[in-house]
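What follows is my_file-v5.csv (CSV, C-alpha atoms).
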```csv
chain,number,residue,atom,x,y,z
D,1,MET,CA,25.0,4.9,39.0
D,2,LYS,CA,24.9,6.3,35.5
D,3,PHE,CA,21.9,5.8,33.2
D,4,ILE,CA,20.2,7.6,30.4
D,5,LEU,CA,16.9,9.4,31.2
D,6,ASN,CA,15.0,11.1,28.4
D,7,GLY,CA,18.1,11.4,26.3
D,8,ARG,CA,20.4,12.8,29.0
D,9,GLU,CA,23.0,11.1,31.0
D,10,VAL,CA,22.1,11.1,34.7
D,11,GLN,CA,24.2,10.1,37.7
D,12,ALA,CA,21.8,9.1,40.5
D,13,GLU,CA,21.2,6.8,43.5
D,14,GLU,CA,17.9,5.4,42.5
D,15,THR,CA,18.1,1.7,41.8
D,16,THR,CA,14.8,0.8,40.2
D,17,ALA,CA,12.6,2.3,37.4
D,18,TYR,CA,9.8,3.2,39.8
D,19,LYS,CA,12.1,5.1,42.1
D,20,VAL,CA,13.5,7.0,39.1
D,21,ARG,CA,9.9,7.9,38.1
D,22,GLU,CA,9.1,9.0,41.7
D,23,LYS,CA,12.1,11.4,41.6
D,24,TYR,CA,11.9,12.8,38.1
D,25,GLY,CA,8.3,12.3,37.0
D,26,LYS,CA,4.7,11.8,38.2
D,27,PRO,CA,3.2,8.5,39.4
D,28,THR,CA,1.0,8.2,36.3
D,29,ASP,CA,3.8,8.7,33.8
D,30,ILE,CA,4.6,5.8,31.4
D,31,ILE,CA,8.1,4.2,31.6
D,32,ILE,CA,9.9,2.9,28.6
D,33,PHE,CA,12.8,0.8,29.6
D,34,ASN,CA,15.4,-0.3,27.0
D,35,GLY,CA,12.8,0.0,24.3
D,36,PHE,CA,9.8,-1.5,26.0
D,37,GLN,CA,7.0,0.0,28.0
D,38,ILE,CA,7.0,-1.7,31.4
D,39,ASP,CA,4.1,-2.1,33.8
D,40,GLY,CA,6.0,-3.4,36.8
D,41,ASP,CA,9.1,-2.2,38.6
D,42,ARG,CA,12.6,-3.4,37.5
D,43,PRO,CA,16.1,-2.8,38.8
D,44,ILE,CA,18.3,-0.5,36.8
D,45,THR,CA,21.8,-1.3,35.7
D,46,GLU,CA,24.6,0.9,34.4
D,47,ASN,CA,23.7,2.6,31.0
D,48,ASP,CA,20.1,1.5,30.9
D,49,ILE,CA,17.9,3.7,28.8
D,50,LEU,CA,14.8,5.1,30.4
D,51,ASN,CA,12.1,7.4,29.0
D,52,ILE,CA,9.5,8.8,31.4
D,53,ILE,CA,6.7,10.2,29.4
D,54,THR,CA,3.7,12.2,30.7
D,55,LYS,CA,0.8,11.4,28.4
D,56,GLY,CA,-1.0,14.5,27.1
D,57,ALA,CA,1.9,16.9,27.9
D,58,MET,CA,4.1,18.4,25.2
D,59,PRO,CA,7.7,17.6,26.2
D,60,GLN,CA,10.7,19.9,26.0
D,61,ARG,CA,12.2,19.8,22.5
D,62,GLU,CA,15.5,18.3,23.8
D,63,GLU,CA,13.5,15.5,25.4
D,64,LEU,CA,11.2,14.9,22.5
D,65,GLU,CA,13.9,13.5,20.2
D,66,SER,CA,14.8,10.8,22.7
D,67,MET,CA,11.1,10.0,23.3
D,68,LEU,CA,10.6,9.5,19.5
D,69,ALA,CA,13.3,6.9,19.6
D,70,ALA,CA,12.3,5.4,23.0
D,71,ARG,CA,10.7,2.2,21.5
D,72,HIS,CA,13.6,1.6,19.1
D,73,THR,CA,15.6,-1.5,19.7
D,74,PRO,CA,18.4,-0.2,22.0
D,75,GLY,CA,21.6,0.8,20.4
D,76,VAL,CA,20.3,1.5,16.9
D,77,HIS,CA,19.3,5.1,17.1
D,78,SER,CA,22.7,6.7,16.4
D,79,ARG,CA,23.4,4.5,13.4
D,80,ILE,CA,20.0,5.3,11.9
D,81,LYS,CA,20.4,9.0,12.6
D,82,SER,CA,23.7,9.1,10.6
D,83,GLY,CA,22.0,7.4,7.6
D,84,LYS,CA,21.5,9.2,4.3
D,85,VAL,CA,18.8,7.7,2.2
D,86,ALA,CA,17.3,8.8,-1.1
D,87,ILE,CA,13.8,7.8,-2.3
D,88,ALA,CA,13.3,7.9,-6.0
D,89,GLY,CA,9.6,8.1,-6.7
D,90,LEU,CA,7.0,9.2,-4.1
D,91,GLY,CA,4.0,7.1,-5.1
D,92,GLY,CA,2.6,4.0,-3.4
D,93,LEU,CA,6.0,2.8,-2.4
D,94,GLY,CA,8.0,5.9,-2.0
D,95,SER,CA,5.6,8.0,0.1
D,96,ASN,CA,5.1,5.1,2.5
D,97,ILE,CA,8.8,4.3,2.7
D,98,ALA,CA,9.5,7.9,3.5
D,99,VAL,CA,7.0,8.0,6.4
D,100,MET,CA,8.5,4.8,7.9
D,101,LEU,CA,12.1,6.1,7.6
D,102,ALA,CA,11.1,9.4,9.1
D,103,ARG,CA,9.4,7.6,12.0
D,104,ILE,CA,12.5,5.7,12.8
D,105,GLY,CA,14.6,8.8,12.5
D,106,VAL,CA,16.8,8.3,9.4
D,107,GLY,CA,18.9,11.5,9.7
D,108,GLN,CA,18.9,12.6,6.0
D,109,LEU,CA,16.3,11.9,3.4
D,110,LEU,CA,16.1,13.0,-0.2
D,111,LEU,CA,12.7,12.8,-1.8
D,112,VAL,CA,12.6,12.9,-5.7
D,113,ASP,CA,9.5,13.1,-7.8
D,114,PHE,CA,8.3,15.4,-10.6
D,115,ASP,CA,4.6,14.7,-10.1
D,116,ILE,CA,1.6,16.2,-8.2
D,117,VAL,CA,-1.0,14.4,-6.0
D,118,GLU,CA,-4.2,13.4,-7.8
D,119,PRO,CA,-7.2,11.5,-6.6
D,120,SER,CA,-6.4,8.0,-7.9
D,121,ASN,CA,-3.2,8.1,-5.8
D,122,LEU,CA,-5.2,8.0,-2.6
D,123,ASN,CA,-6.0,4.3,-2.7
D,124,ARG,CA,-2.4,3.5,-1.7
D,125,GLN,CA,-0.2,6.6,-1.5
D,126,CYS,CA,0.5,8.5,1.7
D,127,TYR,CA,-1.4,11.7,0.9
D,128,ASN,CA,-4.8,13.0,1.7
D,129,ILE,CA,-7.6,15.1,0.2
D,130,GLY,CA,-5.9,18.3,1.4
D,131,HIS,CA,-2.9,17.5,-0.7
D,132,LEU,CA,-4.6,17.2,-4.1
D,133,GLY,CA,-2.9,19.3,-6.7
D,134,LEU,CA,0.3,19.8,-4.6
D,135,LEU,CA,3.7,18.6,-5.7
D,136,LYS,CA,4.3,15.3,-4.1
D,137,THR,CA,7.7,16.5,-2.7
D,138,ARG,CA,6.0,19.3,-0.9
D,139,ALA,CA,3.0,17.3,0.4
D,140,LEU,CA,5.3,14.6,1.7
D,141,LYS,CA,7.9,16.8,3.2
D,142,SER,CA,5.2,18.6,5.2
D,143,GLN,CA,4.0,15.3,6.6
D,144,LEU,CA,7.4,14.2,7.5
D,145,GLU,CA,8.1,17.4,9.3
D,146,ALA,CA,5.0,16.8,11.4
D,147,ILE,CA,6.1,13.3,12.2
D,148,ASN,CA,9.8,13.9,13.1
D,149,PRO,CA,11.2,17.4,13.2
D,150,PHE,CA,14.7,16.2,14.0
D,151,ILE,CA,15.6,14.8,10.6
D,152,SER,CA,16.7,16.7,7.4
D,153,VAL,CA,14.5,16.3,4.4
D,154,LYS,CA,15.6,17.6,1.0
D,155,THR,CA,13.5,17.5,-2.1
D,156,ARG,CA,14.1,17.5,-5.9
D,157,ASN,CA,11.2,18.1,-8.4
D,158,VAL,CA,12.7,16.3,-11.4
D,159,ARG,CA,12.2,13.3,-13.5
D,160,VAL,CA,15.0,10.8,-13.0
D,161,THR,CA,16.9,9.9,-16.2
D,162,GLY,CA,20.1,8.0,-17.0
D,163,SER,CA,21.9,11.4,-17.2
D,164,ASN,CA,21.0,12.9,-13.8
D,165,VAL,CA,21.3,9.8,-11.6
D,166,LYS,CA,24.9,10.6,-10.5
D,167,GLU,CA,24.2,14.3,-9.8
D,168,LEU,CA,21.0,13.6,-7.8
D,169,PHE,CA,22.1,10.7,-5.7
D,170,GLU,CA,25.9,11.1,-5.1
D,171,GLY,CA,26.6,11.1,-1.4
D,172,TYR,CA,23.7,8.9,-0.4
D,173,ASP,CA,24.3,5.5,1.2
D,174,ILE,CA,21.1,3.9,-0.1
D,175,ILE,CA,18.7,4.6,-2.9
D,176,CYS,CA,15.1,3.2,-2.6
D,177,GLU,CA,13.8,2.6,-6.2
D,178,ALA,CA,10.1,3.4,-6.0
D,179,PHE,CA,9.1,4.0,-9.6
D,180,ASP,CA,6.1,2.5,-11.3
D,181,ARG,CA,7.4,1.9,-14.8
D,182,PRO,CA,9.6,-1.2,-15.3
D,183,ASP,CA,11.9,0.6,-17.8
D,184,SER,CA,12.4,3.5,-15.3
D,185,LYS,CA,13.3,0.9,-12.7
D,186,ALA,CA,15.9,-0.6,-15.0
D,187,VAL,CA,17.5,2.7,-15.9
D,188,LEU,CA,17.9,3.8,-12.3
D,189,VAL,CA,19.2,0.5,-11.1
D,190,ASN,CA,21.7,0.1,-14.0
D,191,THR,CA,22.9,3.6,-13.9
D,192,ALA,CA,23.3,3.9,-10.1
D,193,LEU,CA,25.1,0.6,-9.8
D,194,LYS,CA,27.5,1.6,-12.7
D,195,GLU,CA,28.2,5.2,-11.7
D,196,LEU,CA,27.9,5.3,-7.9
D,197,LYS,CA,30.5,2.8,-6.8
D,198,THR,CA,29.4,2.4,-3.1
D,199,VAL,CA,25.7,3.0,-3.2
D,200,LYS,CA,23.2,0.2,-2.3
D,201,LEU,CA,19.9,-0.1,-4.0
D,202,VAL,CA,16.7,-1.3,-2.5
D,203,ALA,CA,14.3,-1.8,-5.5
D,204,ALA,CA,10.8,-3.2,-6.0
D,205,SER,CA,9.2,-5.5,-8.4
D,206,GLY,CA,5.8,-7.1,-8.2
D,207,MET,CA,3.1,-5.9,-5.8
D,208,ALA,CA,-0.1,-5.7,-7.8
D,209,GLY,CA,-3.5,-7.0,-6.9
D,210,TYR,CA,-4.6,-8.9,-3.8
D,211,ASP,CA,-2.7,-12.1,-4.2
D,212,SER,CA,-1.3,-13.6,-1.0
D,213,SER,CA,0.8,-11.3,1.1
D,214,ASN,CA,3.1,-14.2,1.7
D,215,LEU,CA,4.4,-14.0,-1.8
D,216,ILE,CA,6.1,-10.7,-1.2
D,217,ARG,CA,9.7,-11.1,-0.1
D,218,THR,CA,13.2,-9.5,-0.3
D,219,VAL,CA,16.0,-11.0,-2.4
D,220,GLN,CA,19.6,-10.0,-3.0
D,221,PRO,CA,20.5,-10.8,-6.6
D,222,MET,CA,23.7,-8.7,-6.7
D,223,LYS,CA,26.1,-7.5,-4.0
D,224,ARG,CA,24.6,-3.9,-3.9
D,225,LEU,CA,21.1,-4.7,-5.1
D,226,TYR,CA,18.1,-5.8,-3.1
D,227,VAL,CA,14.7,-6.4,-4.7
D,228,CYS,CA,11.4,-6.5,-2.8
D,229,GLY,CA,8.1,-7.8,-4.1
D,230,ASP,CA,6.6,-10.9,-5.5
D,231,LEU,CA,8.8,-10.5,-8.6
D,232,GLU,CA,5.8,-11.5,-10.8
D,233,ASN,CA,2.6,-9.4,-10.4
D,234,GLY,CA,3.1,-6.3,-12.5
D,235,ALA,CA,0.5,-3.6,-12.6
D,236,GLY,CA,-1.5,-3.5,-15.8
D,237,VAL,CA,-4.9,-3.4,-17.3
D,238,GLY,CA,-7.0,-5.7,-15.1
D,239,ASN,CA,-4.3,-5.8,-12.4
D,240,GLY,CA,-4.5,-2.9,-10.0
D,241,LEU,CA,-2.4,-1.5,-7.2
D,242,MET,CA,-4.0,-1.3,-3.8
D,243,ALA,CA,-2.7,-0.2,-0.4
D,244,PRO,CA,-2.3,-3.5,1.4
D,245,ARG,CA,0.2,-5.3,-0.9
D,246,VAL,CA,1.9,-2.0,-1.9
D,247,MET,CA,2.5,-1.2,1.7
D,248,ILE,CA,3.8,-4.7,2.5
D,249,CYS,CA,6.3,-4.2,-0.3
D,250,ALA,CA,7.1,-0.7,1.0
D,251,GLY,CA,7.6,-2.2,4.5
D,252,HIS,CA,10.0,-4.8,3.1
D,253,GLN,CA,12.0,-1.9,1.5
D,254,ALA,CA,12.0,0.2,4.6
D,255,ASN,CA,13.1,-2.7,6.8
D,256,MET,CA,15.9,-3.6,4.4
D,257,VAL,CA,17.1,0.1,4.6
D,258,LEU,CA,17.0,-0.2,8.4
D,259,ARG,CA,18.9,-3.4,8.3
D,260,LEU,CA,21.6,-1.9,6.0
D,261,LEU,CA,21.9,1.1,8.3
D,262,VAL,CA,22.6,-1.0,11.3
D,263,GLY,CA,25.0,-3.3,9.5
D,264,ALA,CA,22.8,-6.4,8.8
D,265,ASP,CA,23.2,-6.8,5.1
D,266,GLN,CA,21.6,-10.2,4.7
D,267,VAL,CA,18.0,-10.3,3.6
O,1,MET,CA,27.5,-21.1,-17.3
O,2,LYS,CA,25.7,-20.0,-14.2
O,3,LEU,CA,22.5,-18.0,-14.6
O,4,ASN,CA,20.6,-16.7,-11.6
O,5,GLY,CA,22.3,-19.3,-9.4
O,6,GLN,CA,21.5,-22.3,-11.7
O,7,TYR,CA,24.0,-24.1,-13.9
O,8,ILE,CA,23.0,-24.3,-17.6
O,9,LYS,CA,24.9,-25.4,-20.6
O,10,LEU,CA,25.7,-22.7,-23.1
O,11,GLU,CA,26.3,-24.4,-26.4
O,12,GLU,CA,28.3,-21.6,-28.0
O,13,THR,CA,29.8,-18.3,-27.1
O,14,GLN,CA,27.5,-15.5,-28.2
O,15,HIS,CA,26.8,-11.8,-27.7
O,16,LEU,CA,24.9,-10.9,-24.6
O,17,ASP,CA,22.0,-9.2,-26.4
O,18,ASN,CA,21.3,-12.4,-28.5
O,19,PHE,CA,21.5,-14.5,-25.3
O,20,LEU,CA,19.1,-12.3,-23.5
O,21,LYS,CA,16.6,-12.2,-26.4
O,22,ALA,CA,16.8,-15.9,-26.9
O,23,SER,CA,16.1,-16.4,-23.2
O,24,GLY,CA,13.0,-14.3,-23.5
O,25,TYR,CA,14.1,-11.1,-21.7
O,26,ASN,CA,13.0,-7.6,-22.6
O,27,ILE,CA,16.2,-5.7,-22.6
O,28,ASP,CA,14.5,-2.5,-21.5
O,29,THR,CA,13.3,-3.8,-18.1
O,30,ILE,CA,16.3,-5.8,-16.8
O,31,ALA,CA,19.6,-5.4,-15.0
O,32,VAL,CA,22.5,-7.7,-15.9
O,33,GLU,CA,25.6,-8.5,-13.9
O,34,LEU,CA,28.2,-10.6,-15.7
O,35,ASN,CA,31.1,-12.0,-13.8
O,36,GLY,CA,30.6,-9.5,-11.0
O,37,GLU,CA,30.2,-6.3,-13.2
O,38,ILE,CA,27.0,-4.5,-14.1
O,39,ILE,CA,26.7,-4.3,-17.9
O,40,PRO,CA,25.2,-1.2,-19.4
O,41,LYS,CA,22.4,-1.8,-22.0
O,42,SER,CA,24.4,0.1,-24.6
O,43,VAL,CA,27.1,-2.5,-24.7
O,44,TYR,CA,25.0,-5.7,-24.6
O,45,CYS,CA,25.7,-6.1,-28.3
O,46,ASP,CA,29.4,-5.8,-27.8
O,47,THR,CA,29.7,-8.2,-24.8
O,48,LEU,CA,30.4,-11.9,-25.2
O,49,VAL,CA,29.0,-14.6,-23.0
O,50,ASP,CA,30.7,-18.0,-22.8
O,51,ASP,CA,30.1,-21.2,-20.9
O,52,ALA,CA,32.3,-20.1,-18.0
O,53,ALA,CA,30.2,-17.0,-17.4
O,54,GLU,CA,28.4,-16.2,-14.1
O,55,MET,CA,25.4,-14.0,-14.7
O,56,GLU,CA,22.5,-12.5,-12.8
O,57,VAL,CA,19.6,-11.1,-14.7
O,58,VAL,CA,17.0,-9.2,-12.7
O,59,ARG,CA,13.7,-8.6,-14.4
O,60,PHE,CA,11.5,-5.7,-13.2
O,61,VAL,CA,7.7,-5.6,-13.5
O,62,GLY,CA,5.7,-2.5,-13.2
O,63,GLY,CA,4.0,-1.0,-10.2
O,64,GLY,CA,4.9,1.3,-7.3
```

Exercise: express the given structure as structure tokens:
Amino acid sequence: MKFILNGREVQAEETTAYKVREKYGKPTDIIIFNGFQIDGDRPITENDILNIITKGAMPQREELESMLAARHTPGVHSRIKSGKVAIAGLGGLGSNIAVMLARIGVGQLLLVDFDIVEPSNLNRQCYNIGHLGLLKTRALKSQLEAINPFISVKTRNVRVTGSNVKELFEGYDIICEAFDRPDSKAVLVNTALKELKTVKLVAASGMAGYDSSNLIRTVQPMKRLYVCGDLENGAGVGNGLMAPRVMICAGHQANMVLRLLVGADQV
Amino acid sequence: MKLNGQYIKLEETQHLDNFLKASGYNIDTIAVELNGEIIPKSVYCDTLVDDAAEMEVVRFVGGG
């Protein structure tokens, strides 16, 4: 019968997962079966997806990509891989969104930010001490390459304005709005919706402080605009931004991107 | 008219910029969709809103 083993189609007589491991791997290898690591034998059916992974060993490159996606919900990998997503702003939201989208294998990412990493960023942004002083685009791209070498990451070191939105983002399916200033958010959302007729926006509004996590949600106020956040808590004097709530909001945005890529456009 | 999913009575037809200001919005930090079309900020003062309008106004707060 035909099944997928470490990313390759295999025609074989083995009828259970353990028998496949016995033939192709070692007894101590872990088995990921249709997205889940199993600890007991199971029968195989046609087109099941198996990954047999030796812990501690560096796999062949052609097997590595399938192992990176082994825990994905089955069937989504090819849709994610053909996704083209731009991230406008690489701060608390953008840097964390980028890492999540790289981990799940979004095929083409565009990272846009003019700024460099400075120490007060580290309480929420996905950078470390070794990145201080570097351009955010460069610091983030190098991290993404070390997480998933099978995706394409482009960067632009510019400040986004009303006049360069079209040129920057044309051709991308989804733009994540990840700015800090509310007027910048408004300019990007307004211009992109007006000038890029098919793009979808996943924006953010309200994630300051340490108010309840449960206030953060995703809404869809317009056909091509999703907004994540608590919609209320703006950052300001006396109202800081800290990793937990910022990353919950980033998670909402990244999951909405994933949902759009696999065709689930409801919030 | 319908504003953000709720029906409200608009007493008289008016320009969008006046409607937004009277409703307490800061026109620099919002996005407006009127009858299915996104309205650029530059034409708020030339756009009329009447009681049959369907409008979504998204207000952005800072942070990210």

I'd like the contact shell of Val58 in chain O - 8 Å cut-off, all atoms listed in the file, skipping same-chain residues fewer than 3 positions apart - returned as a compact mmCIF listing (two decimals) with C-alpha atoms, keeping the file's coordinate frame.
```txt
# COMPACT_ATOMS: atom_id res chain seq x y z
CA PRO D 221 20.50 -10.80 -6.60
CA ILE O 30 16.30 -5.80 -16.80
CA ALA O 31 19.60 -5.40 -15.00
CA VAL O 32 22.50 -7.70 -15.90
```

Exercise for the section: Using only C-alpha atoms, find the residues of chain O whose closest atom to chain D is at most 10 Å away, then write them as a list in words. Expected result: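 Matching residues, ligands excluded from the count: Asn4, Gly5, Asn26, Ile27, Asp28, Thr29, Ile30, Ala31, Val32, Glu33, Gly36, Glu37, Ile38, Ile39, Pro40, Lys41, Met55, Glu56, Val57, Val58, Arg59, Phe60, Val61, Gly62, Gly63 and Gly64 of chain O.
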
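Across the structure, CA of Cys176 in chain D and CA of Ala88 in chain D are spaced 6.1 Å apart.
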
Problem - Polymer residues at most 7 Å from Leu48 in chain O, only C-alpha atoms, same-chain spacing of 2 or more positions, as a VMD selection string - result: chain O and resid 13 to 16 46 50

Practice task
Quick one: everything within 12 Å of Val117 in chain D, counting all atoms listed in the file, minus sequence neighbours fewer than 6 positions away in the same chain. Send it as a list in words.
Solution key: Leu90, Gly91, Gly92, Ser95, Asn123, Arg124, Gln125, Cys126, Tyr127, Asn128, Ile129, Gly130, His131, Leu132, Gly133, Leu134, Leu135, Lys136, Thr137, Arg138, Ala139 and Leu140 of chain D

Handout entry: Distance in Å - CA of Gly107 in chain D versus CA of Ile32 in chain D
Key =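 One can read the CA of Gly107 in chain D to CA of Ile32 in chain D distance as 22.6 Å.
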
Handout entry: Separation of CA of Ile87 in chain D from CA of Val153 in chain D in Å
Key =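 Taking CA of Val153 in chain D as the start and CA of Ile87 in chain D as the end point, the length is 10.8 Å.
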
Handout entry: From D:Arg245, D:Lys84, D:Arg217, D:Arg42, residue lying nearest Val267 in chain D [all atoms listed in the file]
Key =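 Closest residue, counting all atoms listed in the file: D:Arg217.
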
Exercise for the section: Pull the neighbourhood of (11.7, 13.2, 20.4) for me: all residues within 12 Å in file coordinates, counting only C-alpha atoms, as number ranges by chain. Expected result: D: 6-7, 51, 53, 58-72, 77, 102-105, 146-151

Practice task
For Gly263 in chain D, list every protein, DNA or RNA residue within 12 Å, evaluated using all atoms listed in the file, and leave out those in the same chain fewer than 6 positions away; present the list as a ChimeraX atom specification.
Solution key: /D:76,79-80,83,256-257

Could you write out as JSON the box around range 11-22 of chain O (axis-aligned, all atoms listed in the file, 4 Å on each side), with centre and edge lengths in Å to one decimal?
```
{"center_x": 23.2, "center_y": -16.8, "center_z": -26.0, "size_x": 21.2, "size_y": 23.2, "size_z": 13.0}
```
